[in-house]
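Report on the structure given below.
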Protein chains: 4
Amino acid sequence: MMNYRPTERMNVVSYPIRDIVIEAKREEAKGTNMIWLNIGDPPQYGFEAFGHATEKVKTVLDNPHLKGYAFSQGDSELRENIAKIEKCTPEDVFVTVGLTEGIDFFFHSFIGFGEKILLPNPAYPLYISKTKMFEGNLVFYKHDENGQIDIRDLEKKIPGAKTIVIINPNNPLGSVYTEDNLVEVVELCAKHDVPIFYDGSYDKIIFDGELVDFRKIADEKIQYVYGSSLSKNFGYPGARIGWVTFHGDKWTEIKDAFLRLCNQRLSVNWEYQKAAATAIIDPVYSEYIEEMKKKLLLRRDALAKATKELQISYPFPKGAFYAFMKIKTNAWKYDVEFVRAAIKKGVVFVPGSGFGTNENEMYFRTTFLPEPEILKEAFERMKGVL
Amino acid sequence: MMNYRPTERMNVVSYPIRDIVIEAKREEAKGTNMIWLNIGDPPQYGFEAFGHATEKVKTVLDNPHLKGYAFSQGDSELRENIAKIEKCTPEDVFVTVGLTEGIDFFFHSFIGFGEKILLPNPAYPLYISKTKMFEGNLVFYKHDENGQIDIRDLEKKIPGAKTIVIINPNNPLGSVYTEDNLVEVVELCAKHDVPIFYDGSYDKIIFDGELVDFRKIADEKIQYVYGSSLSKNFGYPGARIGWVTFHGDKWTEIKDAFLRLCNQRLSVNWEYQKAAATAIIDPVYSEYIEEMKKKLLLRRDALAKATKELQISYPFPKGAFYAFMKIKTNAWKYDVEFVRAAIKKGVVFVPGSGFGTNENEMYFRTTFLPEPEILKEAFERMKGVL
Amino acid sequence: MMNYRPTERMNVVSYPIRDIVIEAKREEAKGTNMIWLNIGDPPQYGFEAFGHATEKVKTVLDNPHLKGYAFSQGDSELRENIAKIEKCTPEDVFVTVGLTEGIDFFFHSFIGFGEKILLPNPAYPLYISKTKMFEGNLVFYKHDENGQIDIRDLEKKIPGAKTIVIINPNNPLGSVYTEDNLVEVVELCAKHDVPIFYDGSYDKIIFDGELVDFRKIADEKIQYVYGSSLSKNFGYPGARIGWVTFHGDKWTEIKDAFLRLCNQRLSVNWEYQKAAATAIIDPVYSEYIEEMKKKLLLRRDALAKATKELQISYPFPKGAFYAFMKIKTNAWKYDVEFVRAAIKKGVVFVPGSGFGTNENEMYFRTTFLPEPEILKEAFERMKGVL
Amino acid sequence: MMNYRPTERMNVVSYPIRDIVIEAKREEAKGTNMIWLNIGDPPQYGFEAFGHATEKVKTVLDNPHLKGYAFSQGDSELRENIAKIEKCTPEDVFVTVGLTEGIDFFFHSFIGFGEKILLPNPAYPLYISKTKMFEGNLVFYKHDENGQIDIRDLEKKIPGAKTIVIINPNNPLGSVYTEDNLVEVVELCAKHDVPIFYDGSYDKIIFDGELVDFRKIADEKIQYVYGSSLSKNFGYPGARIGWVTFHGDKWTEIKDAFLRLCNQRLSVNWEYQKAAATAIIDPVYSEYIEEMKKKLLLRRDALAKATKELQISYPFPKGAFYAFMKIKTNAWKYDVEFVRAAIKKGVVFVPGSGFGTNENEMYFRTTFLPEPEILKEAFERMKGVL
């Protein structure tokens, strides 16, 4: 009796860190107290979702009309509010099941077989996975030691690219690109006529100074797509509400394709779309995000203190809630070996190779979402390992 | 200045009835009062979603834990409850964004390039679309005039099939397969070792007599996957909660593939999963569904009465809320021509070709969700057309 | 110990008639004297290849230069001579390993995923196979009972087509399209801006009247590609020399793509290209082809006589060396059943379903290449079967 | 008026060195006398094809039977003779249009979407191109400075590989793997159950010592496919005759798939197959190949002498007729820049990036087929450049 075999397509749908989690759970089962620094899930670390969003869901739950299929492109109130923020029209806005679905639809409709797509290295793993699934030609661009985009490297690789993905603040680097850095990127894209997919999932979570508004830099100069969601900026990943907006005058056919993909999966939960529609223009939000950032700042600084004497280096995080650390010792050959050693000590990280770095380059990602004392404890345990 | 072009993949992502809806909206804009019989969206026609589901969402909204990412395979309470109903283990259950996502994942993981897949004719359009997208070899099996599966036809086509999709009650036919019919299908599948994908989206909405439990017929005889959701049985399509369960001992690798697909899209709204967990075992549900069926029965009979003297024939609907009508006159060459004529009269149907019938075979689908007087009015308008 | 499994791609690379040939060989092994009417291979039936081609090969075999890689697009002398005949430039000409390779390259470079391609029904099987392999959307157009293209049917199907394949004289029908028929096809293509792939493999083998020159009908009106080879017109299938020529001003990028495909397989046998270069302009050729046609004519008429009293109908062949016969009795359910019955009697045909007709439509193809007495004997054996 | 656009598939069918050749031709048009060291085409440099092959073609040209389609898998006499040499059965032998077609069929039938395939770095470009076309996951393994396979590197990369390609003697390195090196490779493959595709195109052209027979090392230990052709070993690339043989007991289904691919392209020139059948067992061949090697040896040594004082290093060629040279100066940023500078001086090389090395690693390939004085002159011109 033989098992059914998955299709060849499944060869590129992997979940690189699953084995690590399985090993960590096995260690936990032995009685080890584990500190999980592998997931960027704010509610698990005492961060609350933006409360007004929740309240809004409650109020619309009695509206029978919203129990049906929403318009596949997204609720019109939500799209109008996004359009005001994004300085585009509601026709340019597409609401998706988290930004995750928006990324899938963008690759599905825009990245043809064998087309070159430039991804940051390191990159959020979904981009790597979607590039393979949609048969794109994956080319990584580099960052400097401050986590800024290496413009010289990008310049060499940009000719012939179909698109370039920018994640800012960057996950997993935790870096925030400077205005100068972004201006140079936009100039290169303008020169080579390459559109940008801009992932702004963390664009409210910036610690030092003002946000550089990418739209002001890019508008009228290049074609781009801006993506965001409730997941991180509003502390509500479970809501599964994201959106992308198209900027520029060349997207007509891609938007039509996007709509067909939306039609095919029918709709996104309507009540949560209503919650998002209020949340993103809620005047109280600024208090919420300041509070969140204040809390995160303490934890980032706790991380800095906790790691000061270890044999690691990393761009000091200016946004999001991750740090991407390079191990300076030669104790391991592969990043996974280090991650396993950390599990034995009761701490779970993600190996850098999950983000596209070479497995022998010895990087790992940590979140700094947990309380300062937990972070302290975690890296305390790393003494003798790092 | 050139627009970006969608990828070749988009060639097979179509939304056949969009043009019809656009024409209908244009007619409506002229001031015509339109009766929309094209969508199976219960809340739009005065059907309420199962209230206890809504209440449950309200109660869990204050649980901060549920704001994060749920386990990608689905909340464990929900999977346990489904497993009890489905007589499988929680490991066999996968919660998806509507059954729509479950169908996508099934095709993605199981239907390889060029593999034969048997679809009912007529079929819910998503199955046709996914077969093309995942490059399967689409072969239709027929129904007899009572909407039962044509076993002789199926017998001819089943050799070499990778899977067969059964939708019961059938959308768009509205037919419910008899026990004898299902037993014959299962015997054929057993003989040819072909697994079934069983779509039970409407399996609570059966008007006459008792439900034939497919699982009892199929268990131990064949390998199958059973799919369902909150959308129709619980009158809550907007919730976007569906699930599939794997039955049989050959699915180990496919379930692993499914899990990888789940991992990639992270999770399904957790609060609604909690609502589903209670709803599907709620003792009050039987009252809800009886009420819904009573209401639907009146409307089905109103449909029957309203269409009695028209030049159409169709299997009398025994479940779901659709009828699939064959036009007996020769007034039109293509089904779309008829649908356009109906729009001019203020009634919107879906042409049969959207479900895979030949466009010159002259079928159309209507829902009978609206109130009896509306159905009466709609077909009144068809006099002189049909 | 498990065998390696072929890729999913192989699911669509089939050889439908292999089983038939295996059965025929098994019958032959039992001692049955078999008449093979399944292959269009002139040298096997006493037809000689054009002798001057062979002589030319002999003379160039001593030229050491021609032992190396030829220019990948084709020898320049050959391309110049083809260009003169085709009224195009040598840059428009591509020499391929038989027209078979030219068809592969055309589909590879021109037919994108999911694009509609119109094929004649019945069609030479390679076109069906390549459409599947290159993931096109196969749509058949019909013929009338005289083997002419059914213009009304084509008109319905042509909107949105990427290309239409015309095989003239048609294999397997043996029909030759009239000037009127071709003019109507060209007008439809002009109206809908659809280019033609014209397969002229048999364009010298026309029995009655003058050849209608397709180029005169099509030039300046539509974009098209003309394909031909040494295989049939010069009785030399084993030479593996074919060519395609591009006509019209929209092919620039496709020709560039074609060249890249040619580069990838390096070159075509150079010495045979030299032979082709002389053969196609050889003044003695007209004698050769008249001789061949005279011989074929006798055999075609023998076929007509031999089949007169059988329960079959077919367009009377006006070109090529096939007839496509419809069985008028109800003795079999599938064409393959009839073909098996014929094998038992010692005659081998190809079932119509190999050419895309439905297997229950009861067609089969015969060649009439063999000597009159053999054809007589073959259909003699069919008495009681047909 | 718009040009037709090539399909997305064409994105991965490139011909990297075409631009170089175009530039070289432009330089030649200016009157520069060019030395072409970019092509491995023996007849262009005064090497004669094995004469008995040519003679054999002459004798069979009068056999009318051989003008038809040969058996698609290959002429049985040829397959029997190959089988004797390869110690397999004629059923394991497939004759192809050069080894080029055999490589295409192997990838087509064996390398599924996303499957890992290990290629040598540097590699003959066709392997890179086919990996992309057939959507494999390309992973390169390294060589040491003597051109031997870096076993430590291979060991790291082999887990999960679907196959590993070995080219021996290596093109472009010119290295010949030692028995020890091959034994280690085979042991790794046996341990990880990975089959080898062995490209023996140059396996008769080995300068120093005896040939290590790969088959003796591999038989009974691993599954493998051995490919060869008339092109290099018999100095007859224009003949377009190659073959692959399957070794081991797991290939049954792959051989069936191979046969279907053969069927689809009908046949290979029969007369040349007959020539090959005699050539490969011809007793005079050993004289021919000794003569060729003697001539090549002089040229290799002329190359060594001519390059002695230049800023380059390379594994000293032990087989084939190429050297793969590393530039030790920092005068250029990319290999293409150097190749352009060489063209200005009247010498044409292939940049290393065409073989998969990074473009900033500064490699280039030269052939040493030309006469000693030409090689001397070529590298004389490189003074001041290298």
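Identifiers in this document derive from the order of the structure tokens: chains are assigned A, B, ..., residues are numbered from 1 separately in each chain, and ligands are numbered from 1 in order of occurrence.
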
Select, as a list in words, those residues of chain A with any atom no more than 10 Å from chain C (distances computed using only C-alpha atoms). Thr7, Glu8 and Arg9 of chain A

Quick one: everything within 12 Å of Pro159 of chain C, counting only C-alpha atoms, minus sequence neighbours fewer than 5 positions away in the same chain. Send it as a ChimeraX atom specification. /C:115-118,139,153-154,164,188-194

Please write the residues from the selection above to a file, keeping N, CA and C atoms, as a short mmCIF file (atom, residue, chain, number, x, y, z; two decimals), in the first residue's frame.
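So the final result, stored in out-v8.cif, reads:
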data_model
loop_
_atom_site.label_atom_id
_atom_site.label_comp_id
_atom_site.auth_asym_id
_atom_site.auth_seq_id
_atom_site.Cartn_x
_atom_site.Cartn_y
_atom_site.Cartn_z
N GLU C 115 -3.02 30.01 -23.61
CA GLU C 115 -3.47 30.72 -24.82
C GLU C 115 -4.22 29.79 -25.76
N LYS C 116 -5.25 30.34 -26.38
CA LYS C 116 -6.12 29.53 -27.24
C LYS C 116 -5.45 29.25 -28.57
N ILE C 117 -5.45 28.00 -28.95
CA ILE C 117 -4.88 27.63 -30.24
C ILE C 117 -5.90 26.78 -30.98
N LEU C 118 -6.20 27.16 -32.21
CA LEU C 118 -7.20 26.46 -33.00
C LEU C 118 -6.53 25.39 -33.85
N VAL C 139 -8.52 24.24 -28.86
CA VAL C 139 -9.89 24.32 -29.38
C VAL C 139 -9.85 23.80 -30.82
N ASP C 153 -18.15 27.47 -38.17
CA ASP C 153 -17.61 26.98 -36.91
C ASP C 153 -16.35 27.76 -36.53
N LEU C 154 -15.50 27.96 -37.50
CA LEU C 154 -14.25 28.70 -37.24
C LEU C 154 -14.56 30.12 -36.77
N ILE C 164 -3.93 29.86 -35.48
CA ILE C 164 -4.70 28.76 -36.04
C ILE C 164 -3.78 27.94 -36.93
N LEU C 188 -11.17 35.85 -42.24
CA LEU C 188 -11.47 35.76 -40.80
C LEU C 188 -10.25 36.09 -39.95
N CYS C 189 -9.11 35.56 -40.37
CA CYS C 189 -7.87 35.80 -39.61
C CYS C 189 -7.50 37.28 -39.66
N ALA C 190 -7.69 37.88 -40.82
CA ALA C 190 -7.38 39.31 -40.96
C ALA C 190 -8.29 40.12 -40.05
N LYS C 191 -9.56 39.78 -40.04
CA LYS C 191 -10.54 40.51 -39.23
C LYS C 191 -10.21 40.40 -37.74
N HIS C 192 -9.82 39.20 -37.32
CA HIS C 192 -9.57 38.98 -35.89
C HIS C 192 -8.09 39.08 -35.54
N ASP C 193 -7.29 39.45 -36.52
CA ASP C 193 -5.85 39.63 -36.29
C ASP C 193 -5.20 38.37 -35.70
N VAL C 194 -5.51 37.24 -36.31
CA VAL C 194 -4.97 35.96 -35.85
C VAL C 194 -4.01 35.42 -36.91
#

Pick the closest to Leu369 of chain D from D:Glu290, D:Ala277, D:Leu296, D:Lys333: which is it, counting only C-alpha atoms? D:Leu296

Can you pull out every residue within 7 Å of Ala276 of chain A, counting only C-alpha atoms, but drop anything in the same chain fewer than 3 positions away, and send it as a list in words?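 So, after excluding close chain neighbours, the residues are Ala53, Leu78, Tyr272, Gln273, Ala279 and Ile280 of chain A.
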
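Among C:Pro317, C:Gly238, C:Gly74, C:Pro351, the residue with the shortest atom-to-atom distance to Phe207 of chain C, counting only C-alpha atoms, is C:Pro317.
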
Applying 8 Å and only C-alpha atoms, which residues near segment 120-126 of chain D remain after dropping the ones on its own chain fewer than 6 positions away? List them as a PDB file with N, CA and C atoms, in the first residue's frame.
ATOM      1  N   GLN C 264      20.489  26.617 -29.163  1.00  0.00           N
ATOM      2  CA  GLN C 264      20.570  25.677 -28.058  1.00  0.00           C
ATOM      3  C   GLN C 264      20.780  24.240 -28.526  1.00  0.00           C
TER       4      GLN C 264
ATOM      5  N   THR D 100      23.189  16.452 -27.347  1.00  0.00           N
ATOM      6  CA  THR D 100      22.333  17.592 -26.999  1.00  0.00           C
ATOM      7  C   THR D 100      20.882  17.157 -26.788  1.00  0.00           C
ATOM      8  N   PHE D 140      25.524  24.269  -7.799  1.00  0.00           N
ATOM      9  CA  PHE D 140      26.836  23.957  -8.375  1.00  0.00           C
ATOM     10  C   PHE D 140      27.738  23.267  -7.354  1.00  0.00           C
ATOM     11  N   TYR D 141      28.532  22.301  -7.816  1.00  0.00           N
ATOM     12  CA  TYR D 141      29.605  21.788  -6.955  1.00  0.00           C
ATOM     13  C   TYR D 141      30.949  22.282  -7.514  1.00  0.00           C
ATOM     14  N   LYS D 142      31.926  22.376  -6.619  1.00  0.00           N
ATOM     15  CA  LYS D 142      33.181  23.034  -6.972  1.00  0.00           C
ATOM     16  C   LYS D 142      34.282  22.066  -7.422  1.00  0.00           C
ATOM     17  N   HIS D 143      35.317  22.643  -8.017  1.00  0.00           N
ATOM     18  CA  HIS D 143      36.530  21.902  -8.363  1.00  0.00           C
ATOM     19  C   HIS D 143      37.701  22.492  -7.602  1.00  0.00           C
ATOM     20  N   VAL D 165      25.434  15.769 -12.422  1.00  0.00           N
ATOM     21  CA  VAL D 165      26.026  15.694 -13.751  1.00  0.00           C
ATOM     22  C   VAL D 165      27.547  15.691 -13.615  1.00  0.00           C
ATOM     23  N   ILE D 166      28.177  14.685 -14.227  1.00  0.00           N
ATOM     24  CA  ILE D 166      29.644  14.596 -14.272  1.00  0.00           C
ATOM     25  C   ILE D 166      30.052  14.697 -15.737  1.00  0.00           C
ATOM     26  N   ILE D 167      30.925  15.645 -16.055  1.00  0.00           N
ATOM     27  CA  ILE D 167      31.442  15.761 -17.415  1.00  0.00           C
ATOM     28  C   ILE D 167      32.930  15.420 -17.344  1.00  0.00           C
ATOM     29  N   ASN D 171      34.473  19.757 -19.806  1.00  0.00           N
ATOM     30  CA  ASN D 171      34.366  20.946 -20.644  1.00  0.00           C
ATOM     31  C   ASN D 171      33.688  21.991 -19.778  1.00  0.00           C
ATOM     32  N   PRO D 172      34.302  23.096 -19.434  1.00  0.00           N
ATOM     33  CA  PRO D 172      35.442  23.735 -20.084  1.00  0.00           C
ATOM     34  C   PRO D 172      36.795  23.538 -19.399  1.00  0.00           C
ATOM     35  N   LEU D 173      36.863  22.762 -18.321  1.00  0.00           N
ATOM     36  CA  LEU D 173      38.120  22.750 -17.547  1.00  0.00           C
ATOM     37  C   LEU D 173      39.272  22.043 -18.263  1.00  0.00           C
ATOM     38  N   GLY D 352      33.951  33.315 -18.579  1.00  0.00           N
ATOM     39  CA  GLY D 352      33.631  32.240 -17.638  1.00  0.00           C
ATOM     40  C   GLY D 352      32.190  32.243 -17.193  1.00  0.00           C
ATOM     41  N   GLY D 354      29.641  32.475 -18.807  1.00  0.00           N
ATOM     42  CA  GLY D 354      28.829  31.610 -19.663  1.00  0.00           C
ATOM     43  C   GLY D 354      28.784  30.178 -19.160  1.00  0.00           C
ATOM     44  N   PHE D 355      29.738  29.812 -18.304  1.00  0.00           N
ATOM     45  CA  PHE D 355      29.795  28.450 -17.760  1.00  0.00           C
ATOM     46  C   PHE D 355      29.360  28.406 -16.294  1.00  0.00           C
ATOM     47  N   GLY D 356      28.855  29.528 -15.796  1.00  0.00           N
ATOM     48  CA  GLY D 356      28.293  29.525 -14.447  1.00  0.00           C
ATOM     49  C   GLY D 356      29.195  30.116 -13.373  1.00  0.00           C
ATOM     50  N   THR D 357      30.409  30.531 -13.712  1.00  0.00           N
ATOM     51  CA  THR D 357      31.215  31.207 -12.687  1.00  0.00           C
ATOM     52  C   THR D 357      30.684  32.635 -12.537  1.00  0.00           C
TER      53      THR D 357
END

Based on DSSP run over this structure's backbone, return all residues of segment 179-257 of chain D in strand (DSSP E), as a list in words.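 Here are the strand (DSSP E) residues of segment 179-257 of chain D: Ile196, Phe197, Tyr198, Asp199, Tyr224, Val225, Tyr226, Gly227, Ser228, Ser229, Gly242, Trp243, Val244, Thr245, Phe246 and His247 of chain D.
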